[in-house]
file structure-v5.tsv (TSV, C-alpha atoms)
chain	number	residue	atom	x	y	z
A	1136	MET	CA	5.09	25.97	5.54
A	1137	ASN	CA	2.09	23.76	4.98
A	1138	LEU	CA	2.48	24.12	1.22
A	1139	ALA	CA	6.15	23.14	1.43
A	1140	LEU	CA	5.27	20.03	3.46
A	1141	ASN	CA	2.57	19.09	0.94
A	1142	ILE	CA	5.00	19.48	-1.95
A	1143	PHE	CA	7.53	17.32	-0.05
A	1144	THR	CA	4.86	14.64	0.46
A	1145	ILE	CA	3.86	14.64	-3.20
A	1146	ALA	CA	7.50	14.47	-4.36
A	1147	ALA	CA	8.52	11.65	-2.00
A	1148	VAL	CA	5.38	9.54	-2.55
A	1149	SER	CA	5.77	9.96	-6.33
A	1150	ALA	CA	9.42	8.85	-6.09
A	1151	GLY	CA	8.31	5.83	-4.05
A	1152	MET	CA	5.68	5.00	-6.67
A	1153	PHE	CA	8.39	5.15	-9.33
A	1154	PHE	CA	10.44	2.56	-7.43
A	1155	PHE	CA	7.34	0.38	-6.98
A	1156	LEU	CA	6.78	0.58	-10.74
A	1157	ALA	CA	10.44	-0.20	-11.49
A	1158	GLY	CA	10.46	-3.15	-9.09
A	1159	THR	CA	7.22	-4.53	-10.50
A	1160	ILE	CA	8.46	-4.30	-14.08
A	1161	GLY	CA	11.74	-5.93	-13.02
A	1162	LEU	CA	9.87	-8.74	-11.28
A	1163	LEU	CA	7.89	-9.36	-14.47
A	1164	ARG	CA	10.68	-8.97	-17.03
A	1165	PHE	CA	13.96	-10.19	-15.48
A	1166	PRO	CA	15.11	-13.61	-16.72
A	1167	ASP	CA	16.03	-15.63	-13.59
A	1168	PRO	CA	14.97	-15.80	-9.91
A	1169	LEU	CA	18.03	-14.10	-8.43
A	1170	THR	CA	17.68	-11.00	-10.63
A	1171	ARG	CA	13.95	-10.94	-9.85
A	1172	LEU	CA	14.81	-11.00	-6.13
A	1173	HIS	CA	17.11	-8.04	-6.78
A	1174	ALA	CA	14.16	-6.13	-8.28
A	1175	LEU	CA	11.98	-7.10	-5.32
A	1176	THR	CA	14.42	-5.64	-2.78
A	1177	LYS	CA	14.26	-2.28	-4.57
A	1178	VAL	CA	10.53	-2.26	-3.90
A	1179	ASP	CA	11.05	-3.23	-0.25
A	1180	ASN	CA	13.73	-0.72	0.60
A	1181	LEU	CA	13.39	2.35	-1.64
A	1182	GLY	CA	9.73	2.16	-2.69
A	1183	LEU	CA	8.20	1.70	0.74
A	1184	GLY	CA	10.89	3.86	2.37
A	1185	LEU	CA	10.13	6.85	0.15
A	1186	VAL	CA	6.35	6.43	0.52
A	1187	ILE	CA	6.69	6.41	4.32
A	1188	LEU	CA	9.12	9.37	4.22
A	1189	GLY	CA	6.51	11.28	2.23
A	1190	LEU	CA	3.73	10.35	4.65
A	1191	LEU	CA	5.67	11.48	7.76
A	1192	PRO	CA	4.67	15.21	7.54
A	1193	GLN	CA	0.99	14.20	7.21
A	1194	ALA	CA	1.04	11.82	10.21
A	1195	ASN	CA	-0.86	12.90	13.31
A	1196	GLY	CA	1.68	13.82	15.94
A	1197	LEU	CA	5.02	12.38	16.95
A	1198	PHE	CA	3.54	9.04	17.98
A	1199	GLY	CA	1.91	8.46	14.60
A	1200	ALA	CA	5.15	9.35	12.79
A	1201	LEU	CA	7.16	6.99	15.02
A	1202	LYS	CA	4.68	4.22	14.25
A	1203	LEU	CA	5.11	4.75	10.51
A	1204	VAL	CA	8.89	4.58	10.93
A	1205	SER	CA	8.58	1.38	12.97
A	1206	VAL	CA	6.49	-0.24	10.21
A	1207	TRP	CA	9.23	0.65	7.74
A	1208	LEU	CA	11.94	-0.75	10.03
A	1209	LEU	CA	10.03	-4.02	10.43
A	1210	VAL	CA	9.57	-4.38	6.65
A	1211	GLN	CA	13.24	-3.49	6.16
A	1212	LEU	CA	14.43	-6.13	8.64
A	1213	SER	CA	12.09	-8.91	7.50
A	1214	GLY	CA	12.67	-8.07	3.82
A	1215	ALA	CA	16.43	-8.39	4.17
A	1216	ILE	CA	16.19	-11.72	6.01
A	1217	VAL	CA	13.51	-13.17	3.72
A	1218	THR	CA	15.47	-12.23	0.60
A	1219	GLN	CA	18.54	-14.06	1.93
A	1220	LEU	CA	16.42	-17.12	2.79
A	1221	ILE	CA	14.76	-17.27	-0.64
A	1222	ALA	CA	18.12	-16.79	-2.39
A	1223	GLY	CA	19.59	-19.62	-0.30
A	1224	SER	CA	16.66	-21.83	-1.26
A	1225	VAL	CA	17.18	-21.02	-4.95
A	1226	ARG	CA	20.88	-21.86	-4.60
A	1227	GLN	CA	20.13	-25.16	-2.90
A	1228	HIS	CA	17.31	-26.47	-5.10
A	1229	GLY	CA	17.67	-24.60	-8.39
A	1230	PRO	CA	15.17	-22.12	-9.85
A	1231	GLN	CA	12.22	-24.55	-9.74
A	1232	ALA	CA	12.40	-25.01	-5.94
B	1317	MET	CA	-3.70	16.19	-0.71
B	1318	THR	CA	-6.29	13.54	0.20
B	1319	SER	CA	-7.19	12.91	-3.43
B	1320	PHE	CA	-3.49	12.61	-4.34
B	1321	LEU	CA	-2.99	9.97	-1.63
B	1322	PHE	CA	-6.11	8.09	-2.76
B	1323	GLY	CA	-4.86	8.18	-6.35
B	1324	ALA	CA	-1.43	6.90	-5.30
B	1325	ALA	CA	-3.04	4.06	-3.33
B	1326	ALA	CA	-5.29	3.13	-6.27
B	1327	SER	CA	-2.45	3.05	-8.79
B	1328	LEU	CA	-0.29	0.99	-6.39
B	1329	LEU	CA	-3.20	-1.43	-6.01
B	1330	ALA	CA	-3.51	-1.74	-9.80
B	1331	MET	CA	0.24	-2.31	-10.13
B	1332	VAL	CA	0.34	-5.03	-7.46
B	1333	ALA	CA	-2.80	-6.71	-8.82
B	1334	ILE	CA	-1.46	-6.87	-12.39
B	1335	SER	CA	1.90	-8.25	-11.29
B	1336	LEU	CA	0.23	-10.83	-9.01
B	1337	PHE	CA	-1.95	-11.97	-11.91
B	1338	VAL	CA	1.04	-12.32	-14.24
B	1339	ILE	CA	3.37	-13.95	-11.71
B	1340	LEU	CA	0.84	-16.50	-10.46
B	1341	ARG	CA	0.48	-17.82	-14.03
B	1342	ARG	CA	4.13	-18.89	-13.98
B	1343	SER	CA	5.05	-22.43	-12.98
B	1344	ALA	CA	8.01	-21.97	-10.55
B	1345	GLU	CA	7.00	-21.99	-6.88
B	1346	ILE	CA	9.73	-19.46	-6.06
B	1347	ASP	CA	7.94	-16.94	-8.28
B	1348	HIS	CA	4.75	-17.48	-6.30
B	1349	MET	CA	6.65	-16.74	-3.10
B	1350	MET	CA	8.03	-13.53	-4.61
B	1351	ALA	CA	4.48	-12.56	-5.59
B	1352	ALA	CA	3.43	-13.01	-1.96
B	1353	GLN	CA	6.35	-10.80	-0.86
B	1354	LEU	CA	5.37	-8.11	-3.38
B	1355	LEU	CA	1.79	-8.25	-2.08
B	1356	GLY	CA	3.14	-7.90	1.47
B	1357	THR	CA	5.22	-4.80	0.76
B	1358	GLY	CA	2.74	-3.26	-1.69
B	1359	GLY	CA	-0.14	-3.95	0.69
B	1360	VAL	CA	1.70	-2.21	3.53
B	1361	ALA	CA	2.28	0.86	1.32
B	1362	ILE	CA	-1.38	0.91	0.17
B	1363	LEU	CA	-2.67	0.58	3.74
B	1364	LEU	CA	-0.38	3.35	5.03
B	1365	LEU	CA	-1.48	5.70	2.21
B	1366	LEU	CA	-5.12	4.94	3.05
B	1367	ALA	CA	-4.49	5.42	6.78
B	1368	VAL	CA	-3.14	8.93	6.19
B	1369	ALA	CA	-5.71	9.79	3.49
B	1370	THR	CA	-8.73	8.78	5.60
B	1371	GLU	CA	-7.10	9.91	8.89
B	1372	THR	CA	-7.77	6.52	10.47
B	1373	PRO	CA	-4.63	5.70	12.50
B	1374	SER	CA	-5.76	2.13	13.28
B	1375	ILE	CA	-5.16	1.11	9.64
B	1376	VAL	CA	-1.43	1.41	10.48
B	1377	ASP	CA	-1.88	-1.57	12.82
B	1378	VAL	CA	-3.32	-3.61	9.92
B	1379	ALA	CA	-0.25	-2.70	7.84
B	1380	LEU	CA	2.02	-3.82	10.68
B	1381	LEU	CA	0.26	-7.20	10.85
B	1382	LEU	CA	0.42	-7.64	7.07
B	1383	SER	CA	4.19	-7.10	7.04
B	1384	LEU	CA	4.55	-9.58	9.91
B	1385	PHE	CA	2.48	-12.23	8.08
B	1386	ALA	CA	4.47	-11.76	4.86
B	1387	ALA	CA	7.68	-12.48	6.78
B	1388	PHE	CA	6.16	-15.58	8.44
B	1389	ALA	CA	4.84	-16.87	5.10
B	1390	ALA	CA	8.29	-16.64	3.50
B	1391	VAL	CA	9.96	-18.38	6.45
B	1392	ALA	CA	7.37	-21.19	6.30
B	1393	PHE	CA	7.95	-21.56	2.56
B	1394	VAL	CA	11.73	-21.80	2.91
B	1395	ARG	CA	11.48	-24.27	5.82
B	1396	ASN	CA	9.13	-26.45	3.78
B	1397	ALA	CA	11.43	-26.31	0.74
B	1398	SER	CA	14.54	-27.28	2.74
B	1399	ASP	CA	12.80	-29.97	4.82
B	1400	PRO	CA	14.11	-33.46	3.87
B	1401	GLU	CA	10.71	-35.09	4.60
B	1402	SER	CA	8.88	-32.92	2.10
B	1403	GLU	CA	11.61	-33.71	-0.44
B	1404	ALA	CA	10.92	-37.42	0.07
B	1405	GLN	CA	7.17	-36.85	-0.35
B	1406	LYS	CA	7.77	-34.97	-3.58
B	1407	ALA	CA	9.95	-37.80	-4.88
B	1408	ALA	CA	7.34	-40.40	-3.87
B	1409	SER	CA	4.50	-38.55	-5.58
B	1410	GLY	CA	6.63	-38.29	-8.72
B	1411	ARG	CA	6.75	-34.48	-8.94
call {"tool": "encode", "arguments": {"input": "structure-v5.tsv", "output": "C-alpha coordinates"}}
result
Amino acid sequence: MNLALNIFTIAAVSAGMFFFLAGTIGLLRFPDPLTRLHALTKVDNLGLGLVILGLLPQANGLFGALKLVSVWLLVQLSGAIVTQLIAGSVRQHGPQA
Amino acid sequence: MTSFLFGAAASLLAMVAISLFVILRRSAEIDHMMAAQLLGTGGVAILLLLAVATETPSIVDVALLLSLFAAFAAVAFVRNASDPESEAQKAASGR
(Lines of atoms letter the chains of each structure in order from A and count residues from 1; the text may use other names and numbers.)
(Lines give C-alpha, C1' and ligand atoms only; values in the text may rest on other atoms or scores of the structure.)
Protein backbone atom coordinates (compact mmCIF):
# COMPACT_ATOMS: atom_id res chain seq x y z
CA MET A 1 0.00 0.00 0.00
CA ASN A 2 2.75 2.38 1.00
CA LEU A 3 4.75 1.44 -2.08
CA ALA A 4 1.73 2.09 -4.32
CA LEU A 5 1.24 5.53 -2.75
CA ASN A 6 4.93 6.34 -3.22
CA ILE A 7 4.78 5.31 -6.88
CA PHE A 8 1.66 7.48 -7.31
CA THR A 9 3.50 10.44 -5.76
CA ILE A 10 6.54 10.00 -7.99
CA ALA A 11 4.38 9.65 -11.12
CA ALA A 12 2.17 12.68 -10.40
CA VAL A 13 5.02 14.97 -9.29
CA SER A 14 7.02 13.97 -12.38
CA ALA A 15 4.02 14.76 -14.60
CA GLY A 16 3.69 18.13 -12.87
CA MET A 17 7.40 18.81 -13.44
CA PHE A 18 6.88 18.02 -17.13
CA PHE A 19 4.15 20.66 -17.35
CA PHE A 20 6.36 23.16 -15.49
CA LEU A 21 9.11 22.46 -18.03
CA ALA A 22 6.68 22.78 -20.97
CA GLY A 23 5.25 26.04 -19.64
CA THR A 24 8.69 27.50 -19.00
CA ILE A 25 9.91 26.62 -22.49
CA GLY A 26 6.70 28.08 -23.94
CA LEU A 27 7.16 31.28 -21.94
CA LEU A 28 10.69 31.60 -23.31
CA ARG A 29 10.05 30.59 -26.93
CA PHE A 30 6.54 31.71 -27.93
CA PRO A 31 6.45 34.79 -30.18
CA ASP A 32 3.84 37.16 -28.66
CA PRO A 33 2.41 37.96 -25.19
CA LEU A 34 -0.94 36.22 -25.61
CA THR A 35 0.63 32.87 -26.56
CA ARG A 36 3.10 33.27 -23.69
CA LEU A 37 0.14 33.81 -21.33
CA HIS A 38 -1.33 30.58 -22.72
CA ALA A 39 1.88 28.75 -21.76
CA LEU A 40 1.81 30.35 -18.31
CA THR A 41 -1.71 29.05 -17.58
CA LYS A 42 -0.54 25.50 -18.28
CA VAL A 43 2.00 25.92 -15.49
CA ASP A 44 -0.64 27.37 -13.15
CA ASN A 45 -3.32 24.76 -13.69
CA LEU A 46 -1.73 21.45 -14.68
CA GLY A 47 1.80 21.82 -13.31
CA LEU A 48 0.91 22.92 -9.80
CA GLY A 49 -2.24 20.78 -9.79
CA LEU A 50 -0.34 17.57 -10.54
CA VAL A 51 2.43 18.40 -8.03
CA ILE A 52 -0.17 18.94 -5.30
CA LEU A 53 -2.08 15.79 -6.33
CA GLY A 54 1.16 13.86 -5.96
CA LEU A 55 1.89 15.38 -2.56
CA LEU A 56 -1.57 14.54 -1.13
CA PRO A 57 -0.71 10.93 -0.05
CA GLN A 58 2.42 12.22 1.76
CA ALA A 59 0.58 15.00 3.64
CA ASN A 60 0.15 14.56 7.39
CA GLY A 61 -3.49 13.81 8.04
CA LEU A 62 -6.71 15.06 6.54
CA PHE A 63 -6.12 18.64 7.66
CA GLY A 64 -2.75 18.87 5.93
CA ALA A 65 -4.21 17.43 2.72
CA LEU A 66 -7.12 19.89 2.82
CA LYS A 67 -4.65 22.74 3.26
CA LEU A 68 -2.70 21.63 0.18
CA VAL A 69 -5.93 21.51 -1.82
CA SER A 70 -6.89 24.98 -0.60
CA VAL A 71 -3.51 26.37 -1.75
CA TRP A 72 -4.18 24.88 -5.17
CA LEU A 73 -7.70 26.34 -5.29
CA LEU A 74 -6.37 29.80 -4.38
CA VAL A 75 -3.69 29.64 -7.10
CA GLN A 76 -6.30 28.35 -9.55
CA LEU A 77 -8.71 31.21 -8.80
CA SER A 78 -6.12 33.99 -8.75
CA GLY A 79 -4.33 32.57 -11.81
CA ALA A 80 -7.51 32.60 -13.88
CA ILE A 81 -8.39 36.17 -12.88
CA VAL A 82 -4.85 37.50 -13.28
CA THR A 83 -4.49 35.94 -16.73
CA GLN A 84 -7.70 37.65 -17.87
CA LEU A 85 -6.50 40.99 -16.44
CA ILE A 86 -3.09 40.79 -18.13
CA ALA A 87 -4.67 39.75 -21.44
CA GLY A 88 -7.06 42.70 -21.20
CA SER A 89 -4.13 45.01 -20.54
CA VAL A 90 -2.29 43.63 -23.59
CA ARG A 91 -5.40 44.16 -25.70
CA GLN A 92 -5.80 47.73 -24.50
CA HIS A 93 -2.21 48.96 -24.72
CA GLY A 94 -0.50 46.60 -27.17
CA PRO A 95 2.33 44.18 -26.36
CA GLN A 96 4.63 46.86 -24.90
CA ALA A 97 2.16 47.85 -22.14
CA MET B 1 10.95 9.54 -1.20
CA THR B 2 12.48 12.51 0.62
CA SER B 3 15.43 12.68 -1.76
CA PHE B 4 13.07 12.51 -4.76
CA LEU B 5 11.06 15.46 -3.41
CA PHE B 6 14.25 17.43 -2.72
CA GLY B 7 15.46 16.70 -6.25
CA ALA B 8 12.13 17.79 -7.74
CA ALA B 9 12.24 21.04 -5.73
CA ALA B 10 15.84 21.73 -6.80
CA SER B 11 15.14 21.17 -10.49
CA LEU B 12 12.01 23.35 -10.30
CA LEU B 13 14.11 26.06 -8.66
CA ALA B 14 16.68 25.84 -11.46
CA MET B 15 13.94 26.01 -14.09
CA VAL B 16 12.26 29.07 -12.55
CA ALA B 17 15.61 30.81 -11.99
CA ILE B 18 16.75 30.32 -15.60
CA SER B 19 13.45 31.53 -17.02
CA LEU B 20 13.41 34.56 -14.69
CA PHE B 21 16.93 35.45 -15.81
CA VAL B 22 16.01 35.18 -19.49
CA ILE B 23 12.64 36.95 -19.23
CA LEU B 24 13.92 39.87 -17.16
CA ARG B 25 16.42 40.69 -19.94
CA ARG B 26 13.52 41.41 -22.30
CA SER B 27 12.24 44.95 -22.69
CA ALA B 28 8.41 44.59 -22.53
CA GLU B 29 6.95 45.24 -19.07
CA ILE B 30 4.25 42.62 -19.66
CA ASP B 31 6.98 39.97 -19.85
CA HIS B 32 8.29 41.09 -16.47
CA MET B 33 4.82 40.65 -15.02
CA MET B 34 4.60 37.14 -16.47
CA ALA B 35 7.99 36.37 -14.91
CA ALA B 36 6.59 37.44 -11.54
CA GLN B 37 3.58 35.16 -12.08
CA LEU B 38 5.85 32.23 -12.97
CA LEU B 39 7.88 32.89 -9.81
CA GLY B 40 4.62 32.94 -7.82
CA THR B 41 3.37 29.59 -9.09
CA GLY B 42 6.80 27.94 -9.22
CA GLY B 43 7.63 29.25 -5.75
CA VAL B 44 4.40 27.77 -4.37
CA ALA B 45 5.25 24.38 -5.90
CA ILE B 46 8.84 24.49 -4.56
CA LEU B 47 7.68 25.46 -1.06
CA LEU B 48 5.03 22.71 -0.98
CA LEU B 49 7.58 20.09 -2.10
CA LEU B 50 9.95 21.30 0.64
CA ALA B 51 7.16 21.31 3.23
CA VAL B 52 6.39 17.64 2.57
CA ALA B 53 10.06 16.63 2.18
CA THR B 54 11.17 18.22 5.47
CA GLU B 55 7.84 17.44 7.23
CA THR B 56 7.46 21.07 8.27
CA PRO B 57 3.75 21.89 7.80
CA SER B 58 4.23 25.62 8.48
CA ILE B 59 6.01 26.04 5.11
CA VAL B 60 2.54 25.52 3.55
CA ASP B 61 1.51 28.84 5.12
CA VAL B 62 4.46 30.55 3.40
CA ALA B 63 3.30 29.07 0.07
CA LEU B 64 -0.22 30.38 0.71
CA LEU B 65 1.13 33.90 1.33
CA LEU B 66 3.33 33.76 -1.78
CA SER B 67 0.37 32.88 -4.00
CA LEU B 68 -1.64 35.71 -2.42
CA PHE B 69 1.17 38.24 -3.03
CA ALA B 70 1.56 37.12 -6.66
CA ALA B 71 -2.14 37.82 -7.24
CA PHE B 72 -1.91 41.25 -5.57
CA ALA B 73 1.21 42.15 -7.59
CA ALA B 74 -0.53 41.37 -10.88
CA VAL B 75 -3.63 43.37 -9.90
CA ALA B 76 -1.45 46.35 -8.93
CA PHE B 77 0.40 46.11 -12.25
CA VAL B 78 -2.80 46.05 -14.32
CA ARG B 79 -4.33 48.93 -12.33
CA ASN B 80 -1.20 50.99 -12.86
CA ALA B 81 -1.14 50.20 -16.59
CA SER B 82 -4.81 51.16 -17.09
CA ASP B 83 -4.67 54.28 -14.90
CA PRO B 84 -5.06 57.46 -17.02
CA GLU B 85 -2.80 59.48 -14.68
CA SER B 86 0.14 57.15 -15.13
CA GLU B 87 -0.44 57.30 -18.90
CA ALA B 88 -0.15 61.09 -18.72
CA GLN B 89 3.06 60.82 -16.67
CA LYS B 90 4.54 58.43 -19.22
CA ALA B 91 3.67 60.83 -22.04
CA ALA B 92 5.16 63.78 -20.12
CA SER B 93 8.42 61.97 -19.40
CA GLY B 94 8.66 61.05 -23.09
CA ARG B 95 8.63 57.26 -22.67
call {"tool": "closest_residue", "arguments": {"input": "structure-v5.tsv", "among": "B:Val1394, B:Ile1362, B:Leu1340, B:Leu1355", "to": "Leu1328 of chain B", "atoms": "all atoms listed in the file"}}
result
B:Ile1362
call {"tool": "atom_distance", "arguments": {"input": "structure-v5.tsv", "atom1": "atom CA of Leu1354 of chain B", "atom2": "atom CA of Leu1175 of chain A"}}
result
7.0 Å
call {"tool": "atom_distance", "arguments": {"input": "structure-v5.tsv", "atom1": "atom CA of Leu1169 of chain A", "atom2": "atom CA of Thr1218 of chain A"}}
result
9.6 Å
call {"tool": "interface_residues", "arguments": {"input": "structure-v5.tsv", "of": "chain A", "to": "chain B", "cutoff": "7 Å", "atoms": "all atoms listed in the file", "output": "list in words"}}
result
Thr1159, Leu1163, Leu1175, Asp1179, Leu1183, Val1186, Gln1193, Ala1194, Val1206, Val1210, Ser1213, Val1217, Leu1220, Ile1221, Ser1224, Gln1231 and Ala1232 of chain A
call {"tool": "atom_distance", "arguments": {"input": "structure-v5.tsv", "atom1": "atom CA of Phe1337 of chain B", "atom2": "atom CA of Asn1180 of chain A"}}
result
23.0 Å
call {"tool": "closest_residue", "arguments": {"input": "structure-v5.tsv", "among": "B:Ala1392, B:Phe1385, B:Thr1370, B:Val1378", "to": "Leu1203 of chain A", "atoms": "all atoms listed in the file"}}
result
B:Val1378
call {"tool": "closest_residue", "arguments": {"input": "structure-v5.tsv", "among": "A:Ala1147, A:Leu1156, A:Leu1190, A:Leu1138", "to": "Leu1363 of chain B", "atoms": "all atoms listed in the file"}}
result
A:Leu1190
call {"tool": "closest_residue", "arguments": {"input": "structure-v5.tsv", "among": "A:Leu1140, A:Pro1192, A:Val1178, A:Gly1199", "to": "Ile1375 of chain B", "atoms": "all atoms listed in the file"}}
result
A:Gly1199
call {"tool": "residues_around", "arguments": {"input": "structure-v5.tsv", "residues": "Lys1177 of chain A", "least_positions_apart": "5", "cutoff": "12 Å", "atoms": "all atoms listed in the file", "output": "short mmCIF file (atom, residue, chain, number, x, y, z; two decimals) with C-alpha atoms, in the coordinates of the input"}}
result
data_model
loop_
_atom_site.label_atom_id
_atom_site.label_comp_id
_atom_site.auth_asym_id
_atom_site.auth_seq_id
_atom_site.Cartn_x
_atom_site.Cartn_y
_atom_site.Cartn_z
CA GLY A 1151 8.31 5.83 -4.05
CA MET A 1152 5.68 5.00 -6.67
CA PHE A 1153 8.39 5.15 -9.33
CA PHE A 1154 10.44 2.56 -7.43
CA PHE A 1155 7.34 0.38 -6.98
CA LEU A 1156 6.78 0.58 -10.74
CA ALA A 1157 10.44 -0.20 -11.49
CA GLY A 1158 10.46 -3.15 -9.09
CA THR A 1159 7.22 -4.53 -10.50
CA ILE A 1160 8.46 -4.30 -14.08
CA GLY A 1161 11.74 -5.93 -13.02
CA LEU A 1162 9.87 -8.74 -11.28
CA THR A 1170 17.68 -11.00 -10.63
CA ARG A 1171 13.95 -10.94 -9.85
CA LEU A 1172 14.81 -11.00 -6.13
CA GLY A 1182 9.73 2.16 -2.69
CA LEU A 1183 8.20 1.70 0.74
CA GLY A 1184 10.89 3.86 2.37
CA LEU A 1185 10.13 6.85 0.15
CA GLN A 1211 13.24 -3.49 6.16
CA GLY A 1214 12.67 -8.07 3.82
CA ALA A 1215 16.43 -8.39 4.17
CA THR A 1218 15.47 -12.23 0.60
CA LEU B 1354 5.37 -8.11 -3.38
CA THR B 1357 5.22 -4.80 0.76
CA GLY B 1358 2.74 -3.26 -1.69
#
call {"tool": "build_atoms", "arguments": {"input": "structure-v5.tsv", "residues": "segment 1375-1399 of chain B", "atoms": "N, CA and C atoms", "output": "short mmCIF file (atom, residue, chain, number, x, y, z; two decimals), in the frame of the given file"}}
result
data_model
loop_
_atom_site.label_atom_id
_atom_site.label_comp_id
_atom_site.auth_asym_id
_atom_site.auth_seq_id
_atom_site.Cartn_x
_atom_site.Cartn_y
_atom_site.Cartn_z
N ILE B 1375 -5.55 1.87 10.83
CA ILE B 1375 -5.16 1.11 9.64
C ILE B 1375 -3.66 0.81 9.66
N VAL B 1376 -2.88 1.66 10.38
CA VAL B 1376 -1.43 1.41 10.48
C VAL B 1376 -1.18 0.07 11.17
N ASP B 1377 -2.03 -0.28 12.14
CA ASP B 1377 -1.88 -1.57 12.82
C ASP B 1377 -2.08 -2.73 11.84
N VAL B 1378 -3.08 -2.56 10.93
CA VAL B 1378 -3.32 -3.61 9.92
C VAL B 1378 -2.08 -3.78 9.04
N ALA B 1379 -1.45 -2.64 8.67
CA ALA B 1379 -0.25 -2.70 7.84
C ALA B 1379 0.87 -3.43 8.57
N LEU B 1380 1.00 -3.16 9.87
CA LEU B 1380 2.02 -3.82 10.68
C LEU B 1380 1.82 -5.33 10.67
N LEU B 1381 0.55 -5.77 10.85
CA LEU B 1381 0.26 -7.20 10.85
C LEU B 1381 0.55 -7.82 9.49
N LEU B 1382 0.19 -7.10 8.41
CA LEU B 1382 0.42 -7.64 7.07
C LEU B 1382 1.90 -7.87 6.83
N SER B 1383 2.75 -6.93 7.26
CA SER B 1383 4.19 -7.10 7.04
C SER B 1383 4.70 -8.28 7.86
N LEU B 1384 4.15 -8.45 9.07
CA LEU B 1384 4.55 -9.58 9.91
C LEU B 1384 4.18 -10.91 9.25
N PHE B 1385 2.93 -10.99 8.70
CA PHE B 1385 2.48 -12.23 8.08
C PHE B 1385 3.28 -12.55 6.83
N ALA B 1386 3.67 -11.51 6.07
CA ALA B 1386 4.47 -11.76 4.86
C ALA B 1386 5.80 -12.40 5.24
N ALA B 1387 6.41 -11.90 6.33
CA ALA B 1387 7.68 -12.48 6.78
C ALA B 1387 7.48 -13.93 7.21
N PHE B 1388 6.41 -14.21 7.99
CA PHE B 1388 6.16 -15.58 8.44
C PHE B 1388 5.91 -16.51 7.27
N ALA B 1389 5.15 -16.03 6.26
CA ALA B 1389 4.84 -16.87 5.10
C ALA B 1389 6.12 -17.27 4.38
N ALA B 1390 7.05 -16.32 4.21
CA ALA B 1390 8.29 -16.64 3.50
C ALA B 1390 9.12 -17.63 4.30
N VAL B 1391 9.18 -17.45 5.63
CA VAL B 1391 9.96 -18.38 6.45
C VAL B 1391 9.36 -19.78 6.38
N ALA B 1392 8.02 -19.88 6.40
CA ALA B 1392 7.37 -21.19 6.30
C ALA B 1392 7.66 -21.84 4.96
N PHE B 1393 7.66 -21.02 3.90
CA PHE B 1393 7.95 -21.56 2.56
C PHE B 1393 9.36 -22.13 2.50
N VAL B 1394 10.34 -21.36 3.01
CA VAL B 1394 11.73 -21.80 2.91
C VAL B 1394 11.96 -23.04 3.77
N ARG B 1395 11.34 -23.08 4.96
CA ARG B 1395 11.48 -24.27 5.82
C ARG B 1395 10.91 -25.50 5.12
N ASN B 1396 9.76 -25.33 4.48
CA ASN B 1396 9.13 -26.45 3.78
C ASN B 1396 10.01 -26.92 2.63
N ALA B 1397 10.62 -25.94 1.91
CA ALA B 1397 11.43 -26.31 0.74
C ALA B 1397 12.70 -27.04 1.16
N SER B 1398 13.27 -26.67 2.35
CA SER B 1398 14.54 -27.28 2.74
C SER B 1398 14.34 -28.45 3.70
N ASP B 1399 13.08 -28.87 3.90
CA ASP B 1399 12.80 -29.97 4.82
C ASP B 1399 13.00 -31.30 4.08
#
